[in-house]
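J.: Contents of model-v6.csv (CSV, C-alpha atoms):
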```csv
chain,number,residue,atom,x,y,z
A,47,MET,CA,82.9,-116.2,-61.3
A,48,ASN,CA,80.5,-113.2,-61.1
A,49,THR,CA,81.1,-109.9,-59.3
A,50,LYS,CA,78.9,-111.0,-56.3
A,51,GLN,CA,80.9,-114.2,-55.8
A,52,LEU,CA,84.2,-112.2,-56.0
A,53,ALA,CA,82.7,-109.8,-53.4
A,54,LEU,CA,82.0,-112.6,-51.0
A,55,ILE,CA,85.5,-114.1,-51.5
A,56,ALA,CA,87.1,-110.7,-51.0
A,57,LEU,CA,85.2,-110.1,-47.7
A,58,GLY,CA,86.6,-113.4,-46.4
A,59,SER,CA,90.1,-111.9,-46.4
A,60,THR,CA,91.5,-109.0,-44.4
A,61,THR,CA,94.8,-109.1,-46.2
A,62,LEU,CA,96.1,-105.6,-46.7
A,63,PHE,CA,98.2,-104.3,-49.6
A,64,LEU,CA,101.4,-102.7,-48.4
A,65,THR,CA,103.4,-101.1,-51.2
A,66,ALA,CA,107.1,-100.8,-50.4
A,67,CYS,CA,107.9,-97.3,-51.7
A,68,GLY,CA,110.6,-94.9,-50.8
A,69,THR,CA,111.9,-91.4,-51.4
A,70,GLN,CA,114.8,-89.3,-52.4
A,71,THR,CA,114.2,-85.9,-50.8
A,72,PRO,CA,114.6,-83.2,-53.4
A,73,VAL,CA,117.0,-80.4,-53.0
A,74,ASP,CA,115.1,-77.1,-52.3
A,75,GLU,CA,117.2,-74.1,-53.4
A,76,ASN,CA,114.5,-71.7,-52.3
A,77,LEU,CA,114.7,-72.6,-48.6
A,78,GLN,CA,118.1,-70.9,-47.9
A,79,ASP,CA,116.5,-68.4,-45.4
A,80,ASP,CA,114.6,-71.2,-43.8
A,81,THR,CA,117.8,-73.2,-43.5
A,82,GLU,CA,119.6,-70.4,-41.7
A,83,GLN,CA,116.7,-70.1,-39.3
A,84,THR,CA,116.7,-73.8,-38.8
A,85,GLN,CA,120.4,-73.7,-37.9
A,86,GLN,CA,119.8,-71.0,-35.3
A,87,ILE,CA,116.9,-73.0,-33.8
A,88,GLU,CA,119.2,-76.0,-33.6
A,89,GLN,CA,121.8,-74.1,-31.6
A,90,ASN,CA,119.1,-72.8,-29.2
A,91,THR,CA,117.2,-76.0,-28.7
A,92,GLY,CA,119.5,-78.8,-29.4
A,93,GLU,CA,117.0,-80.5,-31.8
A,94,ASP,CA,118.7,-82.9,-34.2
A,95,GLU,CA,119.0,-82.1,-37.9
A,96,THR,CA,116.5,-84.7,-39.1
A,97,THR,CA,113.7,-83.2,-36.9
A,98,LEU,CA,114.5,-79.7,-37.9
A,99,LEU,CA,114.4,-80.5,-41.6
A,100,SER,CA,111.1,-82.3,-41.2
A,101,ASN,CA,109.6,-79.3,-39.4
A,102,THR,CA,110.9,-77.0,-42.2
A,103,SER,CA,109.3,-79.1,-45.0
A,104,SER,CA,106.0,-79.4,-43.1
A,105,THR,CA,105.6,-75.6,-43.5
A,106,MET,CA,105.3,-75.9,-47.2
A,107,THR,CA,102.0,-76.2,-49.0
A,108,CYS,CA,101.3,-79.1,-51.2
A,109,PRO,CA,101.7,-77.2,-54.5
A,110,GLU,CA,104.9,-75.7,-53.2
A,111,ALA,CA,106.3,-79.1,-52.3
A,112,VAL,CA,105.5,-80.6,-55.7
A,113,GLN,CA,107.0,-77.5,-57.5
A,114,ASN,CA,110.2,-77.7,-55.3
A,115,TYR,CA,110.6,-81.4,-56.4
A,116,LEU,CA,110.1,-80.5,-60.1
A,117,ASP,CA,112.4,-77.5,-59.9
A,118,ALA,CA,115.2,-79.7,-58.5
A,119,ALA,CA,114.6,-82.5,-61.1
A,120,SER,CA,116.7,-83.2,-64.2
A,121,LEU,CA,114.7,-83.5,-67.4
A,122,THR,CA,117.5,-85.3,-69.3
A,123,GLY,CA,119.1,-87.7,-66.8
A,124,GLU,CA,122.6,-89.0,-67.1
A,125,GLY,CA,124.5,-91.6,-69.2
A,126,THR,CA,123.2,-93.5,-72.2
A,127,GLN,CA,121.4,-96.4,-70.5
A,128,THR,CA,117.7,-96.2,-70.9
A,129,VAL,CA,114.8,-98.3,-69.5
A,130,LYS,CA,113.8,-101.2,-71.7
A,131,SER,CA,111.0,-103.7,-71.2
A,132,GLY,CA,112.2,-106.4,-68.8
A,133,ASP,CA,114.6,-104.1,-66.9
A,134,ASN,CA,114.2,-104.1,-63.1
A,135,ILE,CA,114.0,-100.4,-62.1
A,136,VAL,CA,113.6,-98.2,-59.1
A,137,VAL,CA,111.6,-95.0,-59.3
A,138,ASP,CA,110.3,-92.1,-57.2
A,139,TYR,CA,106.9,-90.7,-58.1
A,140,ILE,CA,104.2,-88.2,-57.4
A,141,GLY,CA,100.7,-89.2,-58.4
A,142,ARG,CA,98.2,-86.3,-58.8
A,143,LEU,CA,94.9,-85.4,-60.3
A,144,ALA,CA,94.2,-82.5,-62.8
A,145,ASP,CA,93.1,-80.3,-59.9
A,146,GLY,CA,96.5,-80.7,-58.2
A,147,THR,CA,95.4,-83.2,-55.6
A,148,VAL,CA,98.3,-85.6,-54.7
A,149,PHE,CA,96.8,-89.0,-54.1
A,150,ASP,CA,100.0,-90.9,-53.6
A,151,THR,CA,103.8,-90.3,-53.6
A,152,SER,CA,107.1,-91.9,-52.6
A,153,VAL,CA,108.6,-88.5,-51.9
A,154,GLU,CA,108.6,-87.9,-48.2
A,155,SER,CA,108.6,-84.1,-48.3
A,156,VAL,CA,105.7,-84.1,-50.7
A,157,ALA,CA,103.8,-86.7,-48.7
A,158,LYS,CA,104.1,-84.6,-45.5
A,159,ALA,CA,103.0,-81.4,-47.3
A,160,CYS,CA,100.1,-83.1,-49.1
A,161,ASN,CA,98.8,-85.1,-46.1
A,162,THR,CA,99.5,-88.5,-47.6
A,163,TYR,CA,102.4,-89.3,-45.2
A,164,THR,CA,102.3,-92.7,-43.6
A,165,PRO,CA,104.8,-93.3,-40.7
A,166,GLU,CA,104.9,-97.0,-41.4
A,167,ARG,CA,105.9,-96.6,-45.0
A,168,SER,CA,109.6,-96.6,-46.1
A,169,TYR,CA,110.6,-93.4,-47.8
A,170,THR,CA,114.2,-94.4,-48.6
A,171,GLU,CA,114.2,-97.2,-51.1
A,172,GLY,CA,111.9,-96.1,-53.9
A,173,LEU,CA,109.4,-98.2,-55.8
A,174,SER,CA,110.9,-101.3,-57.5
A,175,PHE,CA,109.3,-103.1,-60.4
A,176,SER,CA,110.0,-104.8,-63.7
A,177,ALA,CA,109.3,-102.5,-66.6
A,178,GLY,CA,106.8,-103.9,-69.2
A,179,ALA,CA,105.8,-106.8,-67.0
A,180,GLY,CA,102.3,-105.6,-66.2
A,181,GLN,CA,103.1,-104.9,-62.5
A,182,MET,CA,102.0,-101.3,-62.8
A,183,ILE,CA,99.1,-99.6,-64.5
A,184,ALA,CA,99.5,-99.6,-68.3
A,185,GLY,CA,100.2,-95.9,-68.7
A,186,PHE,CA,102.8,-95.9,-65.9
A,187,ASP,CA,104.5,-99.0,-67.4
A,188,ALA,CA,104.7,-97.5,-70.8
A,189,GLY,CA,105.8,-94.1,-69.6
A,190,VAL,CA,109.1,-95.1,-68.0
A,191,LEU,CA,110.4,-96.8,-71.2
A,192,GLY,CA,113.3,-94.9,-72.7
A,193,MET,CA,114.0,-92.9,-69.5
A,194,LYS,CA,117.5,-92.5,-68.1
A,195,ILE,CA,118.8,-92.7,-64.6
A,196,GLY,CA,118.2,-89.4,-62.8
A,197,GLN,CA,115.6,-88.3,-65.4
A,198,THR,CA,112.3,-86.9,-64.3
A,199,LYS,CA,109.3,-87.0,-66.6
A,200,THR,CA,105.7,-85.9,-66.2
A,201,ILE,CA,103.2,-88.2,-67.9
A,202,ASN,CA,99.5,-87.8,-68.4
A,203,ILE,CA,97.5,-91.1,-68.2
A,204,PRO,CA,93.9,-91.3,-69.3
A,205,ALA,CA,91.6,-93.4,-67.2
A,206,LYS,CA,91.5,-96.2,-69.6
A,207,ASP,CA,95.3,-96.7,-69.2
A,208,ALA,CA,95.1,-96.2,-65.4
A,209,TYR,CA,92.4,-97.8,-63.3
A,210,GLY,CA,89.8,-98.0,-66.0
A,211,GLU,CA,86.3,-96.5,-66.2
A,212,ARG,CA,83.8,-96.9,-63.4
A,213,SER,CA,81.3,-99.7,-63.8
A,214,GLU,CA,77.9,-100.1,-62.2
A,215,GLU,CA,78.5,-103.9,-62.3
A,216,ASN,CA,81.2,-103.4,-59.7
A,217,ILE,CA,78.6,-102.2,-57.1
A,218,VAL,CA,77.2,-105.2,-55.3
A,219,THR,CA,74.5,-105.6,-52.6
A,220,TYR,CA,74.2,-108.7,-50.5
A,221,PRO,CA,72.9,-109.8,-47.1
A,222,LEU,CA,74.7,-108.7,-43.9
A,223,SER,CA,74.2,-112.3,-42.7
A,224,GLU,CA,76.9,-113.2,-45.2
A,225,ALA,CA,79.3,-110.5,-44.0
A,226,GLN,CA,79.3,-110.5,-40.2
A,227,GLU,CA,82.8,-108.9,-40.3
A,228,LEU,CA,81.2,-105.8,-41.7
A,229,ALA,CA,78.5,-105.4,-39.0
A,230,ASP,CA,80.2,-102.3,-37.6
A,231,ALA,CA,81.1,-100.8,-41.0
A,232,LYS,CA,79.8,-97.3,-41.8
A,233,VAL,CA,78.8,-95.7,-45.1
A,234,GLY,CA,81.9,-94.3,-46.7
A,235,ASP,CA,84.3,-96.7,-45.0
A,236,LYS,CA,87.1,-98.1,-47.3
A,237,ILE,CA,87.9,-101.7,-46.6
A,238,PRO,CA,91.2,-103.2,-47.9
A,239,THR,CA,91.1,-106.8,-49.0
A,240,MET,CA,93.3,-109.1,-51.1
A,241,TYR,CA,91.2,-108.1,-54.1
A,242,GLY,CA,91.5,-104.3,-53.6
A,243,THR,CA,89.7,-101.7,-51.6
A,244,LEU,CA,86.0,-101.8,-51.2
A,245,THR,CA,83.9,-98.8,-50.4
A,246,VAL,CA,80.7,-99.0,-48.3
A,247,VAL,CA,78.0,-97.3,-50.4
A,248,SER,CA,74.9,-98.0,-48.3
A,249,LYS,CA,73.8,-100.2,-45.4
A,250,THR,CA,70.6,-101.2,-43.8
A,251,ASP,CA,69.8,-103.6,-40.9
A,252,THR,CA,69.8,-106.5,-43.4
A,253,GLU,CA,71.9,-105.5,-46.4
A,254,ILE,CA,75.1,-103.8,-47.3
A,255,THR,CA,76.2,-102.4,-50.7
A,256,LEU,CA,79.9,-102.3,-51.6
A,257,ASP,CA,81.6,-100.5,-54.5
A,258,PHE,CA,84.4,-102.6,-56.0
A,259,ASN,CA,85.5,-99.9,-58.4
A,260,HIS,CA,89.0,-98.7,-57.6
A,261,PRO,CA,88.9,-95.2,-55.9
A,262,LEU,CA,90.7,-93.8,-58.9
A,263,ALA,CA,88.5,-95.5,-61.5
A,264,GLY,CA,87.3,-93.1,-64.1
A,265,LYS,CA,90.0,-90.5,-63.4
A,266,ASP,CA,92.8,-89.2,-65.6
A,267,LEU,CA,96.1,-89.3,-63.7
A,268,ILE,CA,99.3,-87.3,-63.8
A,269,PHE,CA,102.6,-88.9,-62.6
A,270,ASP,CA,105.9,-87.2,-62.0
A,271,ILE,CA,108.4,-90.1,-62.3
A,272,THR,CA,112.1,-90.1,-61.5
A,273,ILE,CA,114.3,-93.1,-62.4
A,274,LYS,CA,116.6,-93.9,-59.5
A,275,ALA,CA,118.2,-97.1,-60.8
A,276,ILE,CA,118.2,-99.5,-63.7
A,277,ASN,CA,119.3,-103.1,-63.1
```
Any chance you could give the structure as structure tokens?

T.:
Amino acid sequence: MNTKQLALIALGSTTLFLTACGTQTPVDENLQDDTEQTQQIEQNTGEDETTLLSNTSSTMTCPEAVQNYLDAASLTGEGTQTVKSGDNIVVDYIGRLADGTVFDTSVESVAKACNTYTPERSYTEGLSFSAGAGQMIAGFDAGVLGMKIGQTKTINIPAKDAYGERSEENIVTYPLSEAQELADAKVGDKIPTMYGTLTVVSKTDTEITLDFNHPLAGKDLIFDITIKAIN
């Protein structure tokens, strides 16, 4: 099956990928003054603790939120059990680029500070997967092996072990008559399908061009990973 055929199949589905990820909010020892101010505000306004903590964390910049998470992390973890291939594990993570841009995270405080927060997403359970089973990108899968519960590790993943290099073969043009569901699509729109996210590259009255490359294709990635559980 060629790329154009895959494109047509993908456009026939509007299935969205929803990743069930969660968070463990890191302890921020540098926010003592803010905490005292928060407590005073609570007495004056009657706002609940959850709302106040949310408002406090939202004042952090993205780099500050990431650094707070890393400062509170353990580099060694606890116990002797380590992640082995085949283990079912739960992790928290921050995914970022070399320039510091956070493109995804399961940590709520970081998500809010870095403008990646999604209200519909669960930020309590963490991301569950089977280590070494190919459910994650190769670099992530390999990076968790040998880690302990509670341990945080920063791993650098080259593009070839992440979402691969960009390919011109994954940019496809075909008639709009075969994709009526995209009649209102605009250049730059990202369209989730069961085969991944398509990006509208160009559009005329008769044709549309879609980019099947993953948005992170060709990019080296950095992940800060914390092991929450090993089963």

J.: Measuring atom to atom with all atoms listed in the file, identify which of A:Ala229, A:Leu262, A:Leu244, A:Met106 is nearest to Asn216 of chain A.

T.: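 Selected residue with least distance to Asn216 of chain A: A:Leu244.
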
J.: In Å to one decimal, how far is atom CA of Ala119 of chain A from atom CA of Gly210 of chain A?

T.: 29.7 Å

J.: Using only C-alpha atoms, pick whichever of A:Phe175, A:Phe186, A:Tyr169, A:Tyr241 has the shortest atom-to-atom distance to Asp270 of chain A.

T.: A:Phe186

J.: Could you check the closest approach to Ile254 of chain A for each of A:Ser223, A:Gln181, A:Thr200, A:Asn161 and tell me which residue wins, using only C-alpha atoms?

T.: A:Ser223

J.: May I have the protein, DNA and RNA residues with an atom at most 12 Å from (102.4, -101.8, -65.6), counting only C-alpha atoms in the file's coordinates, returned as a list in words?

T.: Ser131, Gly132, Ser174, Phe175, Ser176, Ala177, Gly178, Ala179, Gly180, Gln181, Met182, Ile183, Ala184, Gly185, Phe186, Asp187, Ala188, Gly189, Val190, Leu191, Asp207, Ala208 and Tyr209 of chain A

J.: Name the closest residue to Gly172 of chain A among the candidates A:Gln113, A:Ser152, A:Thr128, A:Thr219; distances are taken between atoms, counting all atoms listed in the file.

T.: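 Result for the nearest residue to Gly172 of chain A: A:Ser152.
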
J.: Have a look at atom CA of Asp257 of chain A and atom CA of Thr239 of chain A and let me know their distance in Å, one decimal.

T.: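 Atom CA of Asp257 of chain A sits 12.7 Å away from atom CA of Thr239 of chain A.
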
J.: Counting all atoms listed in the file, which of A:Pro261, A:Gly196, A:Gly234, A:Gly141 gets nearest to Gln127 of chain A?

T.: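 Among the listed residues, the smallest separation from Gln127 of chain A belongs to A:Gly196.
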
J.: With all atoms listed in the file as the counted atoms, please give the residues lying no more than 12 Å from Gly125 of chain A, apart from itself and same-chain residues fewer than 4 positions off, as a list in words.

T.: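 Everything that qualifies: Val129, Met193, Lys194, Ile195, Gly196, Gln197, Ala275 and Ile276 of chain A.
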
J.: Calculate how many Å separate atom CA of Asn202 of chain A from atom CA of Val148 of chain A, rounding to one decimal.

T.: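 Atom-to-atom, atom CA of Asn202 of chain A and atom CA of Val148 of chain A are spaced 13.9 Å apart.
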
J.: Could you tell me which of A:Arg212, A:Asp235, A:Ile201, A:Lys206 comes closest to Ala144 of chain A if we count all atoms listed in the file?

T.: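 Answer, going by the shortest atom-to-atom distance: A:Ile201.
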